[in-house]
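First comes the structure, then the notes that go with it.
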Amino acid sequence: MQTAGNELPITTPLQDMMSYSKLGLIGMVCLIVAVLIYVIVHLIIKMRKNAPAPVPRIASEDKIRAAKEKYNKLLMDLQARYEMEKVTEKEAYQELSKYIRHFVYDVTGIKVQNYTLEEIGRINLPQLYYLIAECYVPEFAADASGNLGESIRKAREVIYGWN
């Protein structure tokens with residue numbers, strides 16, 4: 001390097017890249033590992049929250065039997081009123097949905113009458129989920145139609161299949 005008098009050197013020698021401290025690289029790897037661990041733990045917690053919970057049984061055998069009889073009578077009455085054209089199909093599906101939800105509440109204590117279809121899907125009652133899903137279209141659509149007799153039959157299967 002040449003300098004003239006009090007001048008600074010014109011060129012600076014470069015250092016080899018590997019001569020720098022490896023702490024920066026180690027710190028970056030640690031940060032990436034920490035983020036991955038956080039994401040994995042977060043996903044595990046989320047999956048546990050969304051896992052179907054076991055269905056509680058709060059009712060005795062006698063209460064369940066009485067609930068089955070009560071809701072079967074309500075379903076028979078609903079079908080008769082529908083056949084006599086005292087209720088529309090939409091109203092009948094709304095009642096059917098209400099009856100089956102209240103039955104489940106009576107025997108489990110789970111307030112499914114306040115649940116969305118997605119929430120019902122998470123409580124580990126697949127028959128209830130499919131029955132309520134079947135009711136949704138005729139219940140909420142302006143001109144959709146369903147097969148109420150078949151839906152009532154499925155509701156009875158849910159009720160009488162209850163343990």
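Numbering starts fresh at 1 for the residues of each chain in the structure tokens, the chains themselves are lettered A, B, ... in the order given, and ligands are numbered from 1 as they appear.
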
- Task: Fewer than 5 positions away in the same chain doesn't count, so skip those; otherwise give me all residues within 12 Å of Tyr82 of chain A, counting only C-alpha atoms, as a PyMOL selection string.
- Result: chain A and resi 75-77+87-93+95-96+147-149+152

- Message: So that I can check the surroundings of Ala155 of chain A, please list as a PyMOL selection string every protein, DNA and RNA residue that reaches within 10 Å of it, counting only C-alpha atoms and ignoring chain neighbours fewer than 6 positions away.
- Response: chain A and resi 71-72+75+96-97+99-100+127-128+131-132+149+161

Would you export the selected residues with N, CA, C and O atoms as a short mmCIF file (atom, residue, chain, number, x, y, z; two decimals), in the first residue's frame, please?
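File written: part16.cif
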```cif
data_model
loop_
_atom_site.label_atom_id
_atom_site.label_comp_id
_atom_site.auth_asym_id
_atom_site.auth_seq_id
_atom_site.Cartn_x
_atom_site.Cartn_y
_atom_site.Cartn_z
N TYR A 71 -89.88 -37.46 22.45
CA TYR A 71 -89.51 -36.92 21.14
C TYR A 71 -90.07 -37.75 20.00
O TYR A 71 -90.34 -37.22 18.93
N ASN A 72 -90.28 -39.04 20.21
CA ASN A 72 -90.94 -39.84 19.19
C ASN A 72 -92.37 -39.35 18.98
O ASN A 72 -92.85 -39.23 17.85
N LEU A 75 -92.30 -36.19 17.03
CA LEU A 75 -92.04 -36.46 15.61
C LEU A 75 -93.28 -37.01 14.91
O LEU A 75 -93.57 -36.64 13.76
N LEU A 96 -88.24 -30.08 13.22
CA LEU A 96 -87.44 -31.31 13.31
C LEU A 96 -86.06 -31.01 13.87
O LEU A 96 -85.58 -31.69 14.78
N SER A 97 -85.44 -29.97 13.36
CA SER A 97 -84.12 -29.58 13.84
C SER A 97 -84.18 -29.22 15.33
O SER A 97 -83.33 -29.62 16.12
N TYR A 99 -86.40 -30.25 17.57
CA TYR A 99 -86.68 -31.44 18.39
C TYR A 99 -85.42 -32.28 18.61
O TYR A 99 -85.14 -32.70 19.73
N ILE A 100 -84.69 -32.51 17.56
CA ILE A 100 -83.52 -33.39 17.70
C ILE A 100 -82.44 -32.70 18.54
O ILE A 100 -81.77 -33.33 19.35
N GLN A 127 -74.08 -38.89 13.52
CA GLN A 127 -75.47 -39.02 13.06
C GLN A 127 -76.22 -37.71 13.25
O GLN A 127 -77.00 -37.31 12.38
N LEU A 128 -76.00 -37.05 14.37
CA LEU A 128 -76.65 -35.76 14.61
C LEU A 128 -76.17 -34.74 13.58
O LEU A 128 -76.97 -33.99 13.02
N LEU A 131 -77.82 -35.40 10.20
CA LEU A 131 -79.25 -35.10 10.25
C LEU A 131 -79.49 -33.58 10.22
O LEU A 131 -80.33 -33.09 9.47
N ILE A 132 -78.74 -32.85 11.03
CA ILE A 132 -78.90 -31.39 11.05
C ILE A 132 -78.47 -30.81 9.70
O ILE A 132 -79.12 -29.89 9.18
N GLY A 149 -90.38 -37.19 5.40
CA GLY A 149 -90.60 -38.52 5.96
C GLY A 149 -89.28 -39.25 6.20
O GLY A 149 -89.08 -39.87 7.26
N GLY A 161 -81.27 -44.89 18.68
CA GLY A 161 -79.93 -45.45 18.72
C GLY A 161 -79.10 -44.90 19.87
O GLY A 161 -77.97 -45.31 20.10
#
```

- Query: Using only C-alpha atoms, which of the listed residues (A:Tyr136, A:Asp106, A:Val29, A:Ile40) sits closest to Arg65 of chain A?
  - Reply: A:Asp106

- Message: I'd like to know which residues of chain A are alpha helix (DSSP H) (by DSSP, run on the backbone); could you write them as number ranges by chain?
- Response: A: 23-50, 61-83, 89-108, 117-121, 126-140, 148-160

- Non-local contacts of Gly146 of chain A (9 Å; only C-alpha atoms; under 5 positions in same chain excluded) as number ranges by chain: A: 89, 93, 134-135, 137-138, 151

Could you save those same residues with all heavy atoms as a JSON list (two decimals), in the first residue's frame?
```json
[["chain", "number", "residue", "atom", "x", "y", "z"],
["A", 89, "GLU", "N", -93.29, -27.25, 4.62],
["A", 89, "GLU", "CA", -92.10, -28.09, 4.69],
["A", 89, "GLU", "C", -90.99, -27.37, 5.45],
["A", 89, "GLU", "O", -90.30, -27.97, 6.28],
["A", 89, "GLU", "CB", -91.63, -28.46, 3.28],
["A", 89, "GLU", "CG", -90.48, -29.43, 3.29],
["A", 89, "GLU", "CD", -90.14, -29.92, 1.91],
["A", 89, "GLU", "OE1", -89.87, -29.07, 1.04],
["A", 89, "GLU", "OE2", -90.11, -31.14, 1.71],
["A", 93, "TYR", "N", -89.22, -28.73, 8.86],
["A", 93, "TYR", "CA", -87.78, -28.95, 9.03],
["A", 93, "TYR", "C", -87.23, -28.13, 10.19],
["A", 93, "TYR", "O", -86.33, -28.58, 10.91],
["A", 93, "TYR", "CB", -87.02, -28.67, 7.75],
["A", 93, "TYR", "CG", -86.91, -29.89, 6.86],
["A", 93, "TYR", "CD1", -87.74, -30.06, 5.77],
["A", 93, "TYR", "CD2", -85.98, -30.88, 7.14],
["A", 93, "TYR", "CE1", -87.64, -31.19, 4.96],
["A", 93, "TYR", "CE2", -85.87, -32.01, 6.35],
["A", 93, "TYR", "CZ", -86.71, -32.16, 5.26],
["A", 93, "TYR", "OH", -86.60, -33.28, 4.48],
["A", 134, "GLU", "N", -78.79, -32.22, 6.87],
["A", 134, "GLU", "CA", -79.89, -32.53, 5.95],
["A", 134, "GLU", "C", -81.05, -31.55, 6.13],
["A", 134, "GLU", "O", -81.74, -31.21, 5.18],
["A", 134, "GLU", "CB", -80.36, -33.96, 6.22],
["A", 134, "GLU", "CG", -81.38, -34.49, 5.25],
["A", 134, "GLU", "CD", -81.70, -35.95, 5.54],
["A", 134, "GLU", "OE1", -80.77, -36.77, 5.61],
["A", 134, "GLU", "OE2", -82.89, -36.26, 5.69],
["A", 135, "CYS", "N", -81.23, -31.08, 7.34],
["A", 135, "CYS", "CA", -82.32, -30.12, 7.61],
["A", 135, "CYS", "C", -81.98, -28.71, 7.13],
["A", 135, "CYS", "O", -82.88, -27.92, 6.87],
["A", 135, "CYS", "CB", -82.61, -30.08, 9.11],
["A", 135, "CYS", "SG", -83.35, -31.58, 9.78],
["A", 137, "VAL", "N", -80.78, -27.27, 4.36],
["A", 137, "VAL", "CA", -81.23, -26.75, 3.07],
["A", 137, "VAL", "C", -82.72, -26.43, 3.07],
["A", 137, "VAL", "O", -83.11, -25.30, 2.81],
["A", 137, "VAL", "CB", -80.84, -27.71, 1.92],
["A", 137, "VAL", "CG1", -81.44, -27.25, 0.60],
["A", 137, "VAL", "CG2", -79.33, -27.81, 1.81],
["A", 138, "PRO", "N", -83.60, -27.39, 3.40],
["A", 138, "PRO", "CA", -85.03, -27.05, 3.40],
["A", 138, "PRO", "C", -85.41, -26.03, 4.49],
["A", 138, "PRO", "O", -86.37, -25.29, 4.35],
["A", 138, "PRO", "CB", -85.74, -28.38, 3.66],
["A", 138, "PRO", "CG", -84.72, -29.43, 3.56],
["A", 138, "PRO", "CD", -83.38, -28.80, 3.65],
["A", 151, "SER", "N", -86.34, -37.79, 6.59],
["A", 151, "SER", "CA", -85.62, -37.07, 7.64],
["A", 151, "SER", "C", -86.15, -37.42, 9.02],
["A", 151, "SER", "O", -85.38, -37.58, 9.97],
["A", 151, "SER", "CB", -85.70, -35.56, 7.40],
["A", 151, "SER", "OG", -85.07, -35.22, 6.18]]
```

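Taking atom CA of Glu69 of chain A and atom CA of Phe103 of chain A as the two end points, the separation is 10.4 Å.
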